[in-house]
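Taking it in order: structure first as structure tokens, then the write-up.
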Amino acid sequence: MGIGRFLKNCRWFLLALAGILMWGFLIFTGISLVMEARAEEGDGAMPEEEYYDSLELLALCVEAEAGNQSIEGKRMAADVILNRVDSPDWPDTIEGVIADPYEFASFWNGAIDSTEPSEETFRAVLLELESRSYPGLYYFTANGYPEYGTPWKKVGDHYFSGK
């Protein structure tokens, strides 16, 4: 009789445990389905840490590429990257645009790794994130206008071009 009661109690315990696990599974599955649905809707949401990492990379690249330029030149360099992110002709992330082969020398030669963005560079990036000043810029070089794109304007040491 003692063993029968023990088994009966274990059965109830196991049923309760199974119920708890089932509810946990259903809740987890529901959360996963909601997250997948949001991702399919393309709400553009990015995890906060990833968002700030991409902004830091943008500031690093602007500093490495245009750190010796005026705030206008830094804003224009930031816009080249941001405009490419928004264009279907380039990758759709800041990281993708900056790491695109042969596009930003500071990324490929490692200069970006030893750069510390100035306060002015952060300000230039934030200003362009708030309101894009140069939506038609896609290229800049320090060696004259590139062979591609439509030459637009020289600012400081850089030559900027549109598509």
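By convention here, the chains of the structure tokens are called A, B, ... in the order presented, each chain's residues are numbered starting at 1, and ligands are numbered starting at 1 in the order presented.
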
Query - Contacts of Val62 in chain A at 7 Å (only C-alpha atoms; same-chain gap of 5+ positions) as an NGL selection string - result: :A and (67 or 74 or 77-78 or 121)

Report task. For CA of Asn109 in chain A and CA of Arg132 in chain A, determine how far apart the two atoms are, in Å to one decimal place. Result ->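 Computing the Euclidean distance for CA of Asn109 in chain A and CA of Arg132 in chain A yields 28.2 Å.
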
Query raised in the report: What's the 6 Å shell around Gly149 in chain A, counting only C-alpha atoms, without same-chain residues fewer than 3 positions away, as an NGL selection string?
Result: :A and (161-163)

Query raised in the report: By how many Å are CA of Glu128 in chain A and CA of Arg75 in chain A apart?
Result: 6.3 Å

Query - Given only C-alpha atoms as the counted atoms, nearest of A:Glu120, A:Glu63, A:His158, A:Val85 to Asp100 in chain A - result: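 Smallest distance to Asp100 in chain A is found for A:Val85.
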
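Between CA of Phe122 in chain A and CA of Trp108 in chain A lies a distance of 21.8 Å.
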